[in-house]
Amino acid sequence: MAIPTLIVMRIVVQKVSRASVDVVPEPGNSFEEPFVPQSIDRGFMLLVGVADADGPDQVAWLARKIAHLRVFEDENGKMNKSILDVGGAILSISQFTLFADVRRGNRPGFTGAGEPHHAEQVWHDFNRELESYGLTVKEGRFGAHMQVSLVNDGPVTINYDTDELMH
């Protein structure tokens with residue numbers, strides 16, 4: 001049985017009471033600008049994986065779904081409010097390892113992850129689309145070794161995979 005090779009944008013959404021990211025300095029990293037650690041309070045920490053097939057359709061669909069995702073409690077304790085309703089922020093982290101293929105052996109393969117230049121552009125486009133909803137979006141650094149800290153609130157963790165959800 002053949003396994004489909006079309007893999008598109010994947011996002012893990014974690015509702016947080018706070019989250020932060022910093023870059024780990026490594027020999028050989030040649031980033032032009034120093035990284036300023038980023039943090040948010042109430043909101044979402046997103047792990048974002050981009051494939052080569054991703055583009056404006058995936059960006060628009062995911063940004064709309066995440067901006068309107070109702071996982072924050074209302075006055076009755078029900079998850080009826082969106083991040084827009086509660087004035088939350090987003091910490092967006094590029095994460096190619098969401099495409100880990102562990103079907104064979106013990107070392108994951110990442111051939112489903114997008115080519116770096118394309119993936120970085122789509123990730124930035126996605127973050128700008130979230131901002132178009134009036135959301136504050138803070139970013140990690142694409143291609144860097146990062147340390148991410150978060151306090152998952154709930155816990156609430158939701159996965160989006162456009163290959164499965166948009167069709």
# chains A, B, ... in the order shown; residues from 1 in each chain; ligands from 1
>>> select_by_dssp(residues="region 47-159 of chain A", states="strand (DSSP E)", output="ChimeraX atom specification")
/A:47-49,70-73,79-82,89-94,136-139,146-159
>>> closest_atom_pairs(of="region 115-137 of chain A", to="region 61-66 of chain A", cutoff="8 Å", atoms="only C-alpha atoms", output="JSON lines")
{"residue": "A:Phe126", "atom": "CA", "partner": "A:Ala63", "partner_atom": "CA", "distance": 6.6}
{"residue": "A:Glu129", "atom": "CA", "partner": "A:Ala63", "partner_atom": "CA", "distance": 6.2}
{"residue": "A:Leu130", "atom": "CA", "partner": "A:Ala63", "partner_atom": "CA", "distance": 5.3}
>>> residues_around(residues="region 89-99 of chain A", least_positions_apart="6", cutoff="6 Å", atoms="only C-alpha atoms", output="list in words")
Gly43, Phe44, Met45, Leu46, Leu47, Val48, Gly49, Phe110, Gly112, Ala113, Thr136, Val137, Lys138, Glu139, Gly140 and Phe142 of chain A
>>> residues_around(residues="Val8 (chain A)", least_positions_apart="2", cutoff="10 Å", atoms="only C-alpha atoms", output="ChimeraX atom specification")
/A:5-6,10,49-55,58,99,112-114,161-164
>>> closest_residue(among="A:Asp125, A:Glu115, A:Asp41, A:Asp22", to="Val86 (chain A)", atoms="only C-alpha atoms")
A:Asp41
>>> select_by_dssp(residues="chain A", states="helix (DSSP H, G or I)", output="MDAnalysis selection string")
chainID A and resid 56:67 83:86 96:99 116:131 162:165
>>> write_last_selection(atoms="N, CA, C and O atoms", output="short mmCIF file (atom, residue, chain, number, x, y, z; two decimals), in the first residue's frame")
data_model
loop_
_atom_site.label_atom_id
_atom_site.label_comp_id
_atom_site.auth_asym_id
_atom_site.auth_seq_id
_atom_site.Cartn_x
_atom_site.Cartn_y
_atom_site.Cartn_z
N PRO A 56 -0.64 30.54 -0.34
CA PRO A 56 -1.65 31.47 0.17
C PRO A 56 -2.95 30.81 0.65
O PRO A 56 -3.55 31.28 1.62
N ASP A 57 -3.38 29.73 0.00
CA ASP A 57 -4.62 29.07 0.43
C ASP A 57 -4.48 28.49 1.84
O ASP A 57 -5.37 28.66 2.68
N GLN A 58 -3.38 27.81 2.10
CA GLN A 58 -3.15 27.22 3.42
C GLN A 58 -2.97 28.32 4.47
O GLN A 58 -3.51 28.22 5.57
N VAL A 59 -2.22 29.35 4.13
CA VAL A 59 -1.98 30.47 5.04
C VAL A 59 -3.30 31.11 5.46
O VAL A 59 -3.57 31.30 6.65
N ALA A 60 -4.13 31.46 4.50
CA ALA A 60 -5.40 32.13 4.79
C ALA A 60 -6.33 31.24 5.60
O ALA A 60 -6.95 31.69 6.57
N TRP A 61 -6.44 29.97 5.21
CA TRP A 61 -7.34 29.04 5.89
C TRP A 61 -6.92 28.85 7.34
O TRP A 61 -7.75 28.93 8.26
N LEU A 62 -5.63 28.59 7.57
CA LEU A 62 -5.15 28.34 8.93
C LEU A 62 -5.23 29.59 9.80
O LEU A 62 -5.62 29.49 10.98
N ALA A 63 -4.88 30.73 9.28
CA ALA A 63 -4.95 31.96 10.08
C ALA A 63 -6.40 32.23 10.50
O ALA A 63 -6.64 32.57 11.67
N ARG A 64 -7.34 32.05 9.61
CA ARG A 64 -8.76 32.25 9.95
C ARG A 64 -9.20 31.26 11.01
O ARG A 64 -9.83 31.62 12.01
N LYS A 65 -8.86 29.98 10.83
CA LYS A 65 -9.26 28.95 11.80
C LYS A 65 -8.66 29.22 13.18
O LYS A 65 -9.35 29.10 14.19
N ILE A 66 -7.40 29.58 13.24
CA ILE A 66 -6.73 29.78 14.53
C ILE A 66 -7.22 31.07 15.20
O ILE A 66 -7.46 31.09 16.41
N ALA A 67 -7.41 32.13 14.44
CA ALA A 67 -7.90 33.39 15.02
C ALA A 67 -9.28 33.21 15.64
O ALA A 67 -9.62 33.90 16.61
N ILE A 83 -9.21 33.68 20.75
CA ILE A 83 -8.08 34.52 21.14
C ILE A 83 -8.38 36.00 20.87
O ILE A 83 -7.94 36.88 21.59
N LEU A 84 -9.17 36.26 19.84
CA LEU A 84 -9.59 37.63 19.54
C LEU A 84 -10.47 38.17 20.67
O LEU A 84 -10.34 39.32 21.07
N ASP A 85 -11.38 37.34 21.18
CA ASP A 85 -12.30 37.74 22.23
C ASP A 85 -11.59 38.08 23.54
O ASP A 85 -12.05 38.93 24.29
N VAL A 86 -10.48 37.38 23.82
CA VAL A 86 -9.80 37.57 25.11
C VAL A 86 -8.58 38.48 25.00
O VAL A 86 -7.90 38.71 26.00
N PHE A 96 10.25 22.51 11.61
CA PHE A 96 10.29 21.54 10.52
C PHE A 96 10.14 20.11 11.02
O PHE A 96 9.73 19.21 10.27
N THR A 97 10.44 19.86 12.30
CA THR A 97 10.37 18.50 12.81
C THR A 97 8.94 17.97 12.91
O THR A 97 8.74 16.78 13.17
N LEU A 98 7.94 18.82 12.67
CA LEU A 98 6.55 18.32 12.60
C LEU A 98 6.38 17.36 11.42
O LEU A 98 5.40 16.64 11.36
N PHE A 99 7.34 17.37 10.50
CA PHE A 99 7.29 16.47 9.34
C PHE A 99 8.17 15.24 9.51
O PHE A 99 8.51 14.57 8.53
N PRO A 116 13.97 25.37 2.76
CA PRO A 116 14.07 26.45 3.75
C PRO A 116 13.62 27.83 3.28
O PRO A 116 12.89 28.51 4.00
N HIS A 117 14.05 28.27 2.11
CA HIS A 117 13.67 29.62 1.67
C HIS A 117 12.15 29.73 1.54
O HIS A 117 11.54 30.71 1.99
N HIS A 118 11.52 28.73 0.93
CA HIS A 118 10.06 28.72 0.76
C HIS A 118 9.37 28.64 2.12
O HIS A 118 8.42 29.39 2.39
N ALA A 119 9.83 27.73 2.97
CA ALA A 119 9.19 27.54 4.28
C ALA A 119 9.26 28.82 5.12
O ALA A 119 8.28 29.19 5.77
N GLU A 120 10.39 29.49 5.10
CA GLU A 120 10.52 30.72 5.87
C GLU A 120 9.56 31.78 5.37
O GLU A 120 8.89 32.47 6.15
N GLN A 121 9.44 31.92 4.04
CA GLN A 121 8.54 32.93 3.47
C GLN A 121 7.09 32.62 3.84
O GLN A 121 6.34 33.52 4.23
N VAL A 122 6.68 31.36 3.72
CA VAL A 122 5.30 30.99 4.04
C VAL A 122 5.03 31.20 5.53
O VAL A 122 3.97 31.70 5.92
N TRP A 123 5.98 30.87 6.38
CA TRP A 123 5.83 31.08 7.82
C TRP A 123 5.63 32.57 8.13
O TRP A 123 4.73 32.94 8.90
N HIS A 124 6.46 33.43 7.53
CA HIS A 124 6.29 34.88 7.73
C HIS A 124 4.94 35.35 7.19
O HIS A 124 4.27 36.17 7.82
N ASP A 125 4.55 34.85 6.02
CA ASP A 125 3.24 35.21 5.46
C ASP A 125 2.11 34.82 6.39
O ASP A 125 1.15 35.58 6.59
N PHE A 126 2.21 33.63 6.97
CA PHE A 126 1.21 33.15 7.92
C PHE A 126 1.14 34.08 9.13
O PHE A 126 0.05 34.48 9.57
N ASN A 127 2.29 34.46 9.66
CA ASN A 127 2.31 35.35 10.82
C ASN A 127 1.71 36.71 10.49
O ASN A 127 0.97 37.29 11.30
N ARG A 128 1.99 37.24 9.30
CA ARG A 128 1.41 38.52 8.88
C ARG A 128 -0.11 38.38 8.72
O ARG A 128 -0.86 39.31 9.03
N GLU A 129 -0.56 37.24 8.23
CA GLU A 129 -2.01 37.01 8.08
C GLU A 129 -2.69 36.99 9.45
O GLU A 129 -3.78 37.54 9.61
N LEU A 130 -2.05 36.38 10.44
CA LEU A 130 -2.60 36.41 11.80
C LEU A 130 -2.67 37.85 12.31
O LEU A 130 -3.67 38.25 12.93
N GLU A 131 -1.65 38.64 12.03
CA GLU A 131 -1.66 40.05 12.45
C GLU A 131 -2.78 40.83 11.79
O GLU A 131 -3.31 41.78 12.38
N THR A 162 -3.38 20.70 7.14
CA THR A 162 -4.22 21.11 6.03
C THR A 162 -4.47 20.01 5.02
O THR A 162 -5.47 20.02 4.33
N ASP A 163 -3.58 19.03 4.95
CA ASP A 163 -3.79 17.91 4.03
C ASP A 163 -5.04 17.15 4.43
O ASP A 163 -5.79 16.68 3.57
N GLU A 164 -5.30 17.03 5.72
CA GLU A 164 -6.47 16.30 6.20
C GLU A 164 -7.69 17.20 6.33
O GLU A 164 -8.80 16.78 6.06
N LEU A 165 -7.51 18.45 6.75
CA LEU A 165 -8.63 19.30 7.12
C LEU A 165 -9.21 20.13 5.99
O LEU A 165 -10.38 20.47 6.03
#
>>> atom_distance(atom1="CA of Gln38 (chain A)", atom2="CA of Ala100 (chain A)")
26.1 Å
>>> residues_around(residues="region 147-150 of chain A", least_positions_apart="2", cutoff="7 Å", atoms="only C-alpha atoms", output="MDAnalysis selection string")
chainID A and resid 16 18:24 152
>>> write_last_selection(atoms="C-alpha atoms", output="PDB file, in the first residue's frame")
ATOM      1  CA  VAL A  16      -0.816  29.122  27.145  1.00  0.00           C
ATOM      2  CA  ARG A  18       2.669  32.373  29.141  1.00  0.00           C
ATOM      3  CA  ALA A  19       5.339  31.345  26.636  1.00  0.00           C
ATOM      4  CA  SER A  20       8.793  32.500  25.602  1.00  0.00           C
ATOM      5  CA  VAL A  21      11.556  31.745  23.128  1.00  0.00           C
ATOM      6  CA  ASP A  22      15.261  32.458  22.984  1.00  0.00           C
ATOM      7  CA  VAL A  23      17.947  31.447  20.500  1.00  0.00           C
ATOM      8  CA  VAL A  24      20.828  29.236  21.568  1.00  0.00           C
ATOM      9  CA  ASN A 152       0.099  25.072  28.709  1.00  0.00           C
TER      10      ASN A 152
END
>>> closest_residue(among="A:Leu69, A:Pro25, A:Met79, A:Asp74", to="Gly154 (chain A)", atoms="only C-alpha atoms")
A:Met79
>>> closest_residue(among="A:Ile40, A:Ile158, A:Ala144, A:Val71", to="Ser17 (chain A)", atoms="only C-alpha atoms")
A:Ile40
>>> atom_distance(atom1="CA of Val102 (chain A)", atom2="CA of Thr157 (chain A)")
21.8 Å
>>> atom_distance(atom1="CA of Asp101 (chain A)", atom2="CA of Val156 (chain A)")
24.8 Å
